[in-house]
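Shown next: coords-v5.cif, containing mmCIF, C-alpha atoms and all ligand atoms.
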```
data_entry
#
loop_
_atom_site.label_atom_id
_atom_site.label_comp_id
_atom_site.auth_asym_id
_atom_site.auth_seq_id
_atom_site.Cartn_x
_atom_site.Cartn_y
_atom_site.Cartn_z
CA MET V 1 0.00 0.00 0.00
CA SER V 2 1.38 3.40 -1.02
CA ASP V 3 1.79 6.34 1.35
CA LYS V 4 -1.64 7.95 1.86
CA SER V 5 -0.71 10.52 4.50
CA PHE V 6 -1.05 13.34 1.94
CA LEU V 7 -4.79 12.69 1.77
CA ASP V 8 -5.11 14.55 5.11
CA TRP V 9 -3.33 17.66 3.83
CA PRO V 10 -5.45 20.85 3.87
CA PHE V 11 -5.32 21.15 0.07
CA LEU V 12 -7.75 18.23 -0.16
CA GLU V 13 -11.34 17.89 1.00
CA PRO V 14 -12.99 14.82 2.56
CA ARG V 15 -14.58 13.94 -0.81
CA HIS V 16 -11.10 13.68 -2.33
CA LYS V 17 -10.02 11.22 0.33
CA THR V 18 -13.13 9.13 -0.32
CA LEU V 19 -12.46 9.25 -4.07
CA ALA V 20 -8.83 8.17 -3.62
CA LEU V 21 -9.74 5.21 -1.42
CA GLU V 22 -12.56 4.07 -3.72
CA LEU V 23 -10.33 4.34 -6.77
CA GLU V 24 -7.60 2.32 -5.03
CA GLN V 25 -10.11 -0.48 -4.51
CA TRP V 26 -11.35 -0.20 -8.09
CA CYS V 27 -7.79 -0.38 -9.43
CA GLU V 28 -7.11 -3.52 -7.39
CA GLN V 29 -10.20 -5.15 -8.90
CA ASN V 30 -9.99 -3.81 -12.45
CA ILE V 31 -6.49 -2.96 -13.59
CA ALA V 32 -3.91 -4.40 -11.19
CA ASP V 33 -3.48 -7.42 -13.49
CA PHE V 34 -4.05 -5.60 -16.79
CA GLY V 35 -0.38 -5.88 -17.79
CA HIS V 36 0.98 -4.60 -21.11
CA PRO V 37 -1.01 -6.21 -23.94
CA ASP V 38 0.50 -6.33 -27.45
CA ASP V 39 -2.56 -4.77 -29.10
CA ILE V 40 -2.25 -1.26 -27.69
CA ASP V 41 -5.25 0.13 -29.61
CA GLN V 42 -7.55 -2.55 -28.28
CA ALA V 43 -6.07 -2.20 -24.79
CA CYS V 44 -6.82 1.55 -24.82
CA ARG V 45 -10.39 1.01 -25.99
CA ASP V 46 -10.82 -1.59 -23.26
CA LEU V 47 -9.38 0.74 -20.60
CA VAL V 48 -11.62 3.64 -21.68
CA ALA V 49 -14.64 1.32 -21.42
CA ARG V 50 -13.57 0.16 -17.96
CA LEU V 51 -12.94 3.71 -16.77
CA ALA V 52 -16.36 4.78 -18.09
CA ALA V 53 -18.08 1.84 -16.39
CA GLY V 54 -16.32 2.74 -13.14
CA GLY V 55 -17.64 6.30 -13.40
CA TRP V 56 -14.13 7.82 -13.47
CA LEU V 57 -14.65 9.61 -16.78
CA ASN V 58 -17.30 11.76 -15.07
CA TYR V 59 -14.27 13.70 -13.81
CA SER V 60 -12.81 14.08 -17.34
CA ALA V 61 -16.00 15.55 -18.80
CA PRO V 62 -18.22 16.63 -15.88
CA GLU V 63 -21.91 17.36 -16.20
CA ALA V 64 -23.01 20.99 -16.07
CA ASP V 65 -24.50 22.37 -12.84
CA GLN V 66 -27.97 24.00 -12.66
CA ASN V 67 -26.54 27.20 -14.18
CA GLY V 68 -25.04 25.33 -17.11
CA GLN V 69 -21.56 25.79 -15.64
CA ILE V 70 -18.99 23.00 -16.06
CA THR V 71 -16.28 22.80 -13.44
CA LEU V 72 -13.32 20.48 -13.73
CA ASP V 73 -12.19 19.26 -10.29
CA VAL V 74 -8.44 19.54 -10.79
CA ARG V 75 -7.57 17.92 -7.46
CA ALA V 76 -9.72 14.93 -8.38
CA LEU V 77 -8.06 14.73 -11.83
CA CYS V 78 -4.64 14.76 -10.16
CA LEU V 79 -5.62 12.12 -7.60
CA ILE V 80 -7.03 9.86 -10.29
CA ARG V 81 -3.95 10.23 -12.49
CA GLU V 82 -1.47 9.57 -9.72
CA THR V 83 -3.41 6.51 -8.58
CA LEU V 84 -3.86 5.05 -12.08
CA ALA V 85 -0.19 5.73 -12.90
CA ARG V 86 0.82 3.75 -9.83
CA TYR V 87 -1.07 0.76 -11.19
CA ASN V 88 -0.74 0.97 -14.96
CA GLY V 89 0.73 3.65 -17.25
CA LEU V 90 -1.65 2.86 -20.09
CA ALA V 91 -4.68 3.24 -17.80
CA ASP V 92 -3.38 6.66 -16.80
CA PHE V 93 -2.87 7.51 -20.48
CA ALA V 94 -6.41 6.44 -21.41
CA PHE V 95 -7.87 8.54 -18.58
CA ALA V 96 -5.64 11.55 -19.27
CA MET V 97 -6.56 11.75 -22.95
CA GLN V 98 -10.32 11.70 -22.27
CA GLY V 99 -9.72 14.88 -20.24
CA LEU V 100 -7.18 16.59 -22.48
CA GLY V 101 -9.23 15.79 -25.58
CA SER V 102 -12.41 17.27 -24.09
CA GLY V 103 -11.15 19.96 -21.68
CA SER V 104 -11.25 22.68 -24.35
CA ILE V 105 -14.86 21.67 -25.12
CA SER V 106 -15.82 21.90 -21.43
CA LEU V 107 -14.17 25.31 -21.15
CA PHE V 108 -15.02 26.93 -24.51
CA GLY V 109 -17.61 24.85 -26.41
CA SER V 110 -21.08 26.19 -27.28
CA PRO V 111 -23.95 24.55 -25.32
CA GLU V 112 -24.77 22.40 -28.40
CA VAL V 113 -21.16 21.25 -28.83
CA LYS V 114 -20.89 20.43 -25.13
CA ASP V 115 -24.19 18.52 -25.19
CA HIS V 116 -23.04 16.49 -28.17
CA TYR V 117 -19.48 15.59 -27.19
CA LEU V 118 -19.18 15.58 -23.40
CA PRO V 119 -21.69 12.77 -22.66
CA ARG V 120 -19.91 10.64 -25.30
CA VAL V 121 -16.54 11.24 -23.62
CA ARG V 122 -18.04 10.50 -20.21
CA ASN V 123 -19.61 7.19 -21.25
CA GLY V 124 -16.60 6.08 -23.29
CA GLN V 125 -18.41 6.19 -26.62
CA ASN V 126 -15.95 8.79 -27.94
CA ILE V 127 -12.21 8.39 -27.58
CA ALA V 128 -10.81 11.92 -27.41
CA ALA V 129 -7.63 13.53 -28.77
CA PHE V 130 -5.91 16.92 -28.69
CA ALA V 131 -4.25 17.93 -31.98
CA LEU V 132 -1.98 20.91 -31.39
CA SER V 133 1.57 19.88 -32.39
CA GLU V 134 3.07 19.93 -35.85
CA LEU V 135 6.51 18.89 -37.05
CA GLU V 136 7.68 22.52 -37.03
CA ALA V 137 5.41 23.66 -34.19
CA GLY V 138 5.98 21.67 -31.01
CA SER V 139 7.34 23.96 -28.29
CA ASP V 140 6.76 26.91 -30.63
CA VAL V 141 2.96 26.68 -30.82
CA ALA V 142 2.70 30.14 -32.40
CA SER V 143 4.20 28.80 -35.64
CA ILE V 144 1.32 26.41 -36.36
CA ALA V 145 0.95 26.18 -40.16
CA THR V 146 -2.27 24.16 -40.54
CA THR V 147 -4.85 26.55 -41.94
CA ALA V 148 -8.61 26.87 -41.48
CA VAL V 149 -10.29 29.15 -44.02
CA LEU V 150 -13.93 30.18 -43.71
CA ASP V 151 -16.01 29.12 -46.72
CA GLY V 152 -19.76 29.69 -46.26
CA ASP V 153 -20.81 27.98 -43.02
CA ASP V 154 -17.69 25.79 -42.85
CA TYR V 155 -14.01 26.18 -42.12
CA VAL V 156 -11.85 24.30 -44.65
CA VAL V 157 -8.76 22.81 -42.99
CA ASN V 158 -5.48 21.86 -44.66
CA GLY V 159 -2.23 20.77 -43.02
CA ASN V 160 -0.55 18.15 -40.85
CA LYS V 161 -0.51 17.36 -37.15
CA THR V 162 1.96 15.03 -35.49
CA TRP V 163 2.60 13.37 -32.11
CA ILE V 164 -1.15 13.13 -31.67
CA SER V 165 -1.96 10.77 -28.81
CA ASN V 166 -4.92 8.51 -29.59
CA GLY V 167 -4.34 9.33 -33.27
CA GLY V 168 -5.71 6.33 -35.13
CA ILE V 169 -8.29 5.33 -32.51
CA ALA V 170 -9.82 8.70 -31.63
CA ASP V 171 -13.45 9.49 -32.46
CA HIS V 172 -12.87 13.24 -32.38
CA TYR V 173 -9.98 15.69 -32.35
CA VAL V 174 -9.75 19.06 -30.67
CA LEU V 175 -7.85 20.79 -33.43
CA PHE V 176 -5.84 24.01 -33.55
CA ALA V 177 -5.36 25.77 -36.88
CA ARG V 178 -4.37 29.14 -38.28
CA THR V 179 -7.36 31.34 -39.13
CA GLY V 180 -5.19 34.41 -39.63
CA GLU V 181 -6.86 37.14 -37.55
CA ALA V 182 -3.33 38.33 -36.62
CA PRO V 183 0.21 37.02 -37.02
CA GLY V 184 1.60 34.32 -34.69
CA ALA V 185 -0.29 33.17 -31.62
CA LYS V 186 -3.17 35.63 -32.10
CA GLY V 187 -4.16 34.12 -35.45
CA LEU V 188 -5.10 30.62 -34.25
CA SER V 189 -8.52 29.09 -33.61
CA ALA V 190 -9.67 25.87 -31.93
CA PHE V 191 -12.26 23.43 -33.29
CA VAL V 192 -13.64 20.02 -32.58
CA VAL V 193 -13.83 17.69 -35.55
CA ASP V 194 -15.05 14.11 -35.89
CA ALA V 195 -12.30 11.67 -36.79
CA ASP V 196 -14.32 10.23 -39.68
CA ALA V 197 -14.73 13.63 -41.40
CA ALA V 198 -13.83 13.39 -45.09
CA GLY V 199 -10.20 14.37 -45.74
CA ILE V 200 -8.64 13.25 -42.43
CA GLU V 201 -6.00 10.61 -42.99
CA ILE V 202 -3.62 8.88 -40.59
CA THR V 203 -0.32 9.05 -42.47
CA GLU V 204 1.95 7.46 -39.84
CA ARG V 205 1.62 5.51 -36.62
CA ILE V 206 4.50 6.48 -34.31
CA GLU V 207 6.09 3.97 -31.94
CA VAL V 208 7.56 5.26 -28.68
CA ILE V 209 9.42 3.72 -25.73
CA ALA V 210 6.24 3.50 -23.64
CA PRO V 211 3.76 2.38 -26.31
CA HIS V 212 0.44 4.15 -26.72
CA PRO V 213 -1.58 5.11 -29.80
CA LEU V 214 0.25 8.02 -31.44
CA ALA V 215 0.00 9.27 -35.00
CA THR V 216 0.64 11.85 -37.68
CA LEU V 217 -2.51 13.14 -39.38
CA ASN V 218 -3.08 14.86 -42.68
CA PHE V 219 -6.01 17.24 -43.16
CA SER V 220 -6.92 17.76 -46.79
CA ASN V 221 -9.85 20.12 -47.44
CA VAL V 222 -11.58 18.95 -44.26
CA ARG V 223 -14.83 20.85 -43.78
CA ILE V 224 -15.69 21.75 -40.18
CA PRO V 225 -19.01 23.54 -39.56
CA LYS V 226 -18.26 26.93 -38.01
CA SER V 227 -20.53 25.98 -35.11
CA GLN V 228 -17.76 23.54 -34.07
CA ILE V 229 -15.37 26.37 -33.12
CA LEU V 230 -14.24 26.46 -29.47
CA GLY V 231 -14.12 30.04 -28.23
CA SER V 232 -13.97 32.86 -30.78
CA PRO V 233 -11.95 33.07 -33.99
CA GLY V 234 -8.38 34.05 -33.07
CA GLU V 235 -8.70 32.67 -29.52
CA GLY V 236 -7.08 29.30 -30.24
CA PHE V 237 -3.87 30.00 -28.35
CA LYS V 238 -5.87 31.11 -25.32
CA VAL V 239 -8.00 27.94 -25.56
CA ALA V 240 -4.88 25.76 -25.70
CA MET V 241 -3.14 27.52 -22.81
CA ALA V 242 -6.24 27.58 -20.57
CA THR V 243 -6.65 23.84 -21.19
CA LEU V 244 -2.97 23.15 -20.47
CA ASP V 245 -3.24 25.27 -17.29
CA ILE V 246 -5.52 22.54 -15.96
CA PHE V 247 -3.88 19.47 -17.42
CA ARG V 248 -0.21 20.35 -16.78
CA SER V 249 -0.65 19.76 -13.04
CA THR V 250 -2.14 16.38 -13.84
CA VAL V 251 0.95 15.43 -15.89
CA GLY V 252 2.95 16.15 -12.73
CA ALA V 253 0.52 13.96 -10.80
CA ALA V 254 1.02 11.05 -13.21
CA ALA V 255 4.80 11.39 -12.87
CA MET V 256 4.40 11.38 -9.10
CA GLY V 257 2.28 8.23 -9.35
CA PHE V 258 5.09 6.54 -11.26
CA ALA V 259 7.57 7.77 -8.61
CA ARG V 260 5.42 6.47 -5.75
CA ARG V 261 5.28 3.05 -7.38
CA ALA V 262 9.06 3.11 -7.84
CA MET V 263 9.42 3.99 -4.16
CA ASP V 264 7.16 1.12 -3.06
CA GLU V 265 9.00 -1.35 -5.27
CA THR V 266 12.34 -0.09 -3.95
CA LEU V 267 11.35 -0.32 -0.28
CA HIS V 268 10.16 -3.87 -0.87
CA ARG V 269 13.40 -4.76 -2.66
CA ALA V 270 15.64 -3.03 -0.10
CA ASN V 271 13.98 -4.89 2.77
CA THR V 272 14.02 -8.32 1.14
CA ARG V 273 17.33 -8.32 -0.75
CA GLU V 274 20.17 -9.58 1.47
CA LEU V 275 23.63 -8.21 0.66
CA PHE V 276 26.78 -8.95 2.66
CA GLY V 277 24.69 -10.59 5.36
CA ALA V 278 22.12 -7.83 5.88
CA PRO V 279 19.16 -6.26 4.07
CA LEU V 280 20.12 -3.79 1.32
CA PHE V 281 18.12 -1.20 3.25
CA ASN V 282 20.65 -1.22 6.12
CA MET V 283 23.36 0.42 4.02
CA GLN V 284 23.54 4.16 4.54
CA ALA V 285 24.11 4.66 0.80
CA THR V 286 20.71 3.03 0.23
CA GLN V 287 19.09 5.17 2.90
CA THR V 288 20.37 8.43 1.42
CA LYS V 289 18.87 7.44 -1.94
CA ILE V 290 15.55 6.54 -0.34
CA ALA V 291 15.54 9.78 1.64
CA ASP V 292 16.06 11.80 -1.56
CA MET V 293 13.24 9.88 -3.23
CA ALA V 294 10.88 10.48 -0.30
CA VAL V 295 11.60 14.22 -0.15
CA ASP V 296 11.13 14.61 -3.90
CA ILE V 297 7.81 12.78 -3.83
CA ASP V 298 6.44 14.94 -1.02
CA ALA V 299 7.76 18.15 -2.62
CA SER V 300 6.08 17.13 -5.89
CA ALA V 301 2.82 16.40 -4.11
CA LEU V 302 2.90 19.79 -2.38
CA LEU V 303 3.44 21.64 -5.66
CA ILE V 304 0.81 19.59 -7.51
CA TYR V 305 -1.93 19.92 -4.92
CA ARG V 306 -1.09 23.61 -4.39
CA ALA V 307 -1.63 24.24 -8.12
CA ALA V 308 -4.78 22.12 -8.24
CA TRP V 309 -6.18 23.69 -5.05
CA ALA V 310 -5.56 27.22 -6.42
CA LYS V 311 -7.43 26.39 -9.63
CA ASP V 312 -10.29 24.70 -7.77
CA ASN V 313 -10.57 27.70 -5.45
CA GLY V 314 -11.27 30.19 -8.18
CA GLN V 315 -7.85 31.39 -9.32
CA ASP V 316 -8.54 32.07 -13.00
CA ARG V 317 -5.10 31.13 -14.35
CA VAL V 318 -2.53 29.00 -12.53
CA THR V 319 0.14 29.14 -15.21
CA ARG V 320 3.00 29.63 -12.75
CA GLU V 321 1.81 27.07 -10.21
CA ALA V 322 1.05 24.42 -12.86
CA ALA V 323 4.42 24.97 -14.57
CA MET V 324 6.24 24.53 -11.25
CA ALA V 325 4.24 21.39 -10.47
CA LYS V 326 4.86 19.81 -13.86
CA LEU V 327 8.53 20.76 -13.96
CA TYR V 328 9.42 19.56 -10.48
CA ALA V 329 7.30 16.43 -10.44
CA THR V 330 8.40 15.13 -13.85
CA GLU V 331 12.10 15.91 -13.39
CA SER V 332 12.25 14.49 -9.87
CA ALA V 333 10.20 11.40 -10.82
CA GLN V 334 12.80 10.62 -13.48
CA LYS V 335 15.54 10.83 -10.81
CA THR V 336 13.53 8.76 -8.32
CA ILE V 337 12.88 6.04 -10.87
CA ASP V 338 16.52 6.03 -11.93
CA GLN V 339 17.54 5.47 -8.30
CA ALA V 340 14.94 2.71 -8.05
CA VAL V 341 16.45 1.00 -11.10
CA GLN V 342 19.91 1.35 -9.52
CA LEU V 343 18.79 -0.20 -6.23
CA HIS V 344 17.20 -3.12 -8.09
CA GLY V 345 20.56 -3.98 -9.69
CA GLY V 346 20.25 -6.20 -12.76
CA MET V 347 16.56 -6.76 -12.04
CA GLY V 348 16.06 -3.03 -12.61
CA VAL V 349 16.88 -3.23 -16.28
CA LYS V 350 15.28 -6.60 -16.99
CA THR V 351 12.65 -6.14 -19.71
CA GLY V 352 9.21 -6.39 -18.16
CA SER V 353 10.25 -5.62 -14.57
CA ILE V 354 8.12 -2.91 -12.96
CA VAL V 355 10.90 -0.37 -12.47
CA GLU V 356 12.12 -0.96 -16.03
CA SER V 357 8.68 -0.10 -17.39
CA LEU V 358 8.40 2.94 -15.07
CA TYR V 359 11.77 4.13 -16.41
CA ARG V 360 10.30 4.16 -19.93
CA GLU V 361 6.84 5.43 -18.92
CA VAL V 362 8.05 8.59 -17.19
CA ARG V 363 10.38 9.85 -19.90
CA ALA V 364 7.95 11.54 -22.31
CA LEU V 365 6.28 13.49 -19.51
CA ARG V 366 9.32 15.82 -19.40
CA ILE V 367 8.68 16.65 -23.08
CA TYR V 368 4.96 16.78 -23.80
CA GLU V 369 2.50 19.50 -22.73
CA GLY V 370 5.53 21.81 -22.66
CA ALA V 371 9.10 20.52 -22.23
CA SER V 372 10.86 21.24 -18.93
CA GLU V 373 12.80 24.10 -20.52
CA VAL V 374 9.52 25.69 -21.63
CA GLN V 375 8.18 25.41 -18.06
CA LYS V 376 11.34 27.15 -16.81
CA THR V 377 10.80 29.98 -19.28
CA ILE V 378 7.22 30.34 -18.04
CA ILE V 379 8.28 30.30 -14.37
CA ALA V 380 11.06 32.85 -14.93
CA ASN V 381 8.75 35.21 -16.84
CA GLN V 382 6.05 34.92 -14.19
CA ALA V 383 8.61 35.61 -11.45
CA ASN V 384 9.75 38.69 -13.36
CA GLN V 385 6.18 39.92 -13.83
CA LEU V 386 5.49 39.55 -10.12
CA PHE V 387 8.74 41.37 -9.32
CA ARG V 388 7.83 44.26 -11.62
CA ALA V 389 4.35 44.45 -10.12
CA ARG V 390 5.93 44.73 -6.65
CA SER V 391 8.55 47.32 -7.66
C1 LIG Y 1 4.66 10.63 -26.28
C2 LIG Y 1 4.20 11.96 -26.78
C3 LIG Y 1 2.84 12.27 -26.82
C4 LIG Y 1 2.42 13.50 -27.32
N1 LIG Y 1 1.06 13.74 -27.41
C5 LIG Y 1 0.64 14.90 -27.98
C6 LIG Y 1 -0.75 15.15 -28.18
O1 LIG Y 1 -1.62 14.34 -27.81
N2 LIG Y 1 -1.12 16.28 -28.81
C7 LIG Y 1 -0.21 17.21 -29.24
O2 LIG Y 1 -0.62 18.23 -29.79
N3 LIG Y 1 1.12 17.01 -29.06
C8 LIG Y 1 1.58 15.89 -28.44
N4 LIG Y 1 2.92 15.65 -28.27
C9 LIG Y 1 3.87 16.64 -28.77
C10 LIG Y 1 4.61 17.38 -27.68
O3 LIG Y 1 3.78 18.32 -27.06
C11 LIG Y 1 5.87 17.99 -28.32
O4 LIG Y 1 6.73 16.91 -28.61
C12 LIG Y 1 6.54 18.99 -27.41
O5 LIG Y 1 5.77 20.16 -27.31
C13 LIG Y 1 7.94 19.35 -27.92
O6 LIG Y 1 7.88 19.72 -29.27
P1 LIG Y 1 8.91 19.06 -30.32
O7 LIG Y 1 8.88 17.60 -30.17
O8 LIG Y 1 8.64 19.66 -31.62
O9 LIG Y 1 10.34 19.53 -29.79
P2 LIG Y 1 10.99 20.97 -30.05
O10 LIG Y 1 9.98 22.03 -29.97
O11 LIG Y 1 11.85 20.86 -31.25
O12 LIG Y 1 11.92 21.09 -28.76
C14 LIG Y 1 13.03 20.21 -28.59
C15 LIG Y 1 13.70 20.53 -27.29
O13 LIG Y 1 14.20 21.87 -27.31
C16 LIG Y 1 14.23 22.37 -26.00
N5 LIG Y 1 13.45 23.62 -25.93
C17 LIG Y 1 12.24 23.85 -26.48
N6 LIG Y 1 11.82 25.10 -26.19
C18 LIG Y 1 12.79 25.67 -25.45
C19 LIG Y 1 12.94 26.93 -24.83
N7 LIG Y 1 11.98 27.87 -24.92
N8 LIG Y 1 14.09 27.17 -24.14
C20 LIG Y 1 15.06 26.23 -24.04
N9 LIG Y 1 14.96 25.00 -24.60
C21 LIG Y 1 13.84 24.72 -25.28
C22 LIG Y 1 13.59 21.29 -25.08
O14 LIG Y 1 14.59 20.49 -24.52
C23 LIG Y 1 12.78 20.48 -26.08
O15 LIG Y 1 12.54 19.17 -25.63
C24 LIG Y 1 3.36 14.44 -27.75
C25 LIG Y 1 4.73 14.14 -27.68
C26 LIG Y 1 5.15 12.92 -27.21
C27 LIG Y 1 6.62 12.63 -27.16
#
```
Re-express the file's structure as structure tokens.
Amino acid sequence: MSDKSFLDWPFLEPRHKTLALELEQWCEQNIADFGHPDDIDQACRDLVARLAAGGWLNYSAPEADQNGQITLDVRALCLIRETLARYNGLADFAFAMQGLGSGSISLFGSPEVKDHYLPRVRNGQNIAAFALSELEAGSDVASIATTAVLDGDDYVVNGNKTWISNGGIADHYVLFARTGEAPGAKGLSAFVVDADAAGIEITERIEVIAPHPLATLNFSNVRIPKSQILGSPGEGFKVAMATLDIFRSTVGAAAMGFARRAMDETLHRANTRELFGAPLFNMQATQTKIADMAVDIDASALLIYRAAWAKDNGQDRVTREAAMAKLYATESAQKTIDQAVQLHGGMGVKTGSIVESLYREVRALRIYEGASEVQKTIIANQANQLFRARS
């Protein structure tokens, strides 16, 4: 059983503790033995169906309240991601994408668009995807080249997107394209488009070190009704950043889930592995590693739940807090897992061992949704802005 002491921290409410304990039980019953099937597409579909049946996708695409307001519970999203990541990286991926691929709809969709897509995401009928990156526009989102040109009641989209998670199995894409209201970031718009729209083609399936569905897509004269726009024309960059403001903290949470699992595996190994007549744990060199791992996990948790708490408590943008949470949690999780591999000796690099798979799973989190260097740029600029405001 992983450390649960953080559930009593003041950032979380009693309902979060209940959620975490119920999810733990659900994971034991539903995904603890899921493993790493060869057919990744089918495995993802299966996991989305299980998550929907368990009710967990209600947090990815929540129902509107009486005033028609949709509120994403960021602390719940973080708790779910860290718990799923502890059990199975692919389950975390399947959950994460239902949120990332619908968050912009929850935040910026028209009532009709929300009513159409969100129930489908919630019940697992639609597998969701977020299509922002291009070959020449990864970190530099403002240089997106895919175009969307208004023609009557439709936008006509041409261009390519790459690194699109769930590409190939998605039922819809939240898509970002250049509509040209202004140069750079101010000339982008966001849309939602069905994956079976005429002119969308999967041109490449990309394999990565921790396998999940990932693809390059070509858009050739794809017609998207203008009613499918998210936000206003020219607001695409804002839509993307507001969505990432929410989901970046959850990337940190997933990394922390991987780190917690690595910690548990390491403590088990250190207590049971006898070296030179005593448990591996008894060596001070082991203890200093474990101490570093423990401090990094708690520091990550503090940053993650601070960012999530701030968002849940009405802070409009949490760009600085979310960047800090993602940066620290992903970088330190990589270090924690590396130490775990080291303390497992040869078993740590054996294909299929838990720490070996964690070592692969955590790597991309330091790159996607803004590489660590991008997070540092954000944090430095925010620090400077706050300094200037104080001066
Ligand atoms: C597994 C995986 C899944 C992904 N899923 C999606 C998805 O679902 N949807 C989507 O739209 N995209 C997705 N991406 C794309 C991801 O967001 C981009 O890979 C990421 O933004 C980096 O862009 P890039 O690969 O073009 O690298 P580049 O932009 O070329 O950057 C390369 C490196 O340059 C450095 N760097 C970048 N900017 C700065 C800076 N300002 N200062 C200093 N150094 C810097 C960083 O080290 C960075 O890693 C995914 C990527 C991966 C690997």
Problem set entry | Expected selection as a ChimeraX atom specification for ligand LIG 1 (chain Y) within 9 Å, all atoms listed in the file | /V:97,100-101,129-141,161-167,175-176,207-215,363-378
Hey, could you make a per-residue contact list for region 70-154 of chain V against region 311-319 of chain V with 10 Å as the cut-off, showing the nearest pair of atoms and its distance in Å to one decimal, counting all atoms listed in the file, sorted by chain and number, as CSV?
```
residue,atom,partner,partner_atom,distance
V:Thr71,CA,V:Asp312,CA,8.5
V:Leu72,CA,V:Asp312,CA,7.9
V:Asp73,CA,V:Asp312,CA,6.3
V:Val74,CA,V:Asp312,CA,6.3
V:Arg75,CA,V:Asp312,CA,7.3
V:Ala76,CA,V:Asp312,CA,9.8
```
Exercise. Can you tell me, as a PyMOL selection string, what residues are no more than 9 Å from Ser227 (chain V) when counting all atoms listed in the file, ignoring any on the same chain fewer than 3 positions away?
Worked result: chain V and resi 110+112-113+153-154+191+224+230
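Counting from CA of Ala323 (chain V), the distance to CA of Ala254 (chain V) is 14.4 Å.
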For this session: Take the point (8.5, 16.6, -10.4) in the file's coordinates, draw a sphere of radius 12 Å around it, and report as a PyMOL selection string every protein, DNA or RNA residue with an atom inside or on it, counting only C-alpha atoms.
Result: chain V and resi 248-260+293+295-304+322-337+362-363+365-366+372+375
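When only C-alpha atoms are used to measure the gap to Glu361 (chain V), the shortest distance among V:Ser60, V:Gln382, V:Ser2, V:Asn88 belongs to V:Asn88.
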Problem set entry | Which residue of V:Glu265, V:Glu321, V:Asp194, V:Glu274 approaches Glu356 (chain V) most closely, using only C-alpha atoms | V:Glu265
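Considering the residues V:Lys350, V:Lys114, V:Arg50, V:Arg120 and counting all atoms listed in the file, Ile229 (chain V) has its shortest atom-to-atom contact with V:Lys114.
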Exercise. What is the distance between CA of Pro37 (chain V) and CA of Asp171 (chain V), in Å to one decimal?
Worked result: 21.8 Å
Which centre and which edge lengths, in Å to one decimal, describe the axis-aligned box that holds all listed atoms of region 147-157 of chain V after 6 Å is added on each side, as AutoDock Vina command-line options?
```
--center_x -12.8 --center_y 26.5 --center_z -44.1 --size_x 28.0 --size_y 19.4 --size_z 17.2
```
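CA of Arg86 (chain V) sits 5.1 Å away from CA of Arg261 (chain V).
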Problem set entry | Contacts of Leu12 (chain V) at 10 Å (all atoms listed in the file; same-chain gap of 6+ positions) as a PyMOL selection string | chain V and resi 6+75-76+79+305-306+308-309
For this session: Fewer than 6 positions away in the same chain doesn't count, so skip those; otherwise give me all residues within 10 Å of Ala198 (chain V), counting only C-alpha atoms, as a PyMOL selection string.
Result: chain V and resi 219-224
Can those selected residues be exported to a file as a compact mmCIF listing (two decimals), in the frame of the given file so that it contains C-alpha atoms?
```txt
# COMPACT_ATOMS: atom_id res chain seq x y z
CA PHE V 219 -6.01 17.24 -43.16
CA SER V 220 -6.92 17.76 -46.79
CA ASN V 221 -9.85 20.12 -47.44
CA VAL V 222 -11.58 18.95 -44.26
CA ARG V 223 -14.83 20.85 -43.78
CA ILE V 224 -15.69 21.75 -40.18
```
Atom completion result for region 368-374 of chain V (N, CA, C and O atoms) as a PDB file, in the frame of the given file:
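The file below, selection18.pdb, is the result:
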```
ATOM      1  N   TYR V 368       6.248  16.324 -23.255  1.00  0.00           N
ATOM      2  CA  TYR V 368       4.960  16.780 -23.800  1.00  0.00           C
ATOM      3  C   TYR V 368       4.217  17.727 -22.847  1.00  0.00           C
ATOM      4  O   TYR V 368       4.562  17.837 -21.686  1.00  0.00           O
ATOM      5  N   GLU V 369       3.231  18.409 -23.408  1.00  0.00           N
ATOM      6  CA  GLU V 369       2.500  19.500 -22.730  1.00  0.00           C
ATOM      7  C   GLU V 369       3.492  20.559 -22.216  1.00  0.00           C
ATOM      8  O   GLU V 369       3.306  21.123 -21.136  1.00  0.00           O
ATOM      9  N   GLY V 370       4.525  20.812 -23.011  1.00  0.00           N
ATOM     10  CA  GLY V 370       5.530  21.810 -22.660  1.00  0.00           C
ATOM     11  C   GLY V 370       6.743  21.145 -22.026  1.00  0.00           C
ATOM     12  O   GLY V 370       6.668  20.656 -20.893  1.00  0.00           O
ATOM     13  N   ALA V 371       7.874  21.131 -22.760  1.00  0.00           N
ATOM     14  CA  ALA V 371       9.100  20.520 -22.230  1.00  0.00           C
ATOM     15  C   ALA V 371       9.553  21.275 -20.977  1.00  0.00           C
ATOM     16  O   ALA V 371       9.142  22.417 -20.748  1.00  0.00           O
ATOM     17  N   SER V 372      10.406  20.629 -20.194  1.00  0.00           N
ATOM     18  CA  SER V 372      10.860  21.240 -18.930  1.00  0.00           C
ATOM     19  C   SER V 372      11.453  22.629 -19.151  1.00  0.00           C
ATOM     20  O   SER V 372      11.224  23.549 -18.355  1.00  0.00           O
ATOM     21  N   GLU V 373      12.192  22.790 -20.250  1.00  0.00           N
ATOM     22  CA  GLU V 373      12.800  24.100 -20.520  1.00  0.00           C
ATOM     23  C   GLU V 373      11.732  25.166 -20.760  1.00  0.00           C
ATOM     24  O   GLU V 373      11.903  26.322 -20.382  1.00  0.00           O
ATOM     25  N   VAL V 374      10.627  24.754 -21.397  1.00  0.00           N
ATOM     26  CA  VAL V 374       9.520  25.690 -21.630  1.00  0.00           C
ATOM     27  C   VAL V 374       8.900  26.085 -20.280  1.00  0.00           C
ATOM     28  O   VAL V 374       8.584  27.256 -20.037  1.00  0.00           O
TER      29      VAL V 374
END
```
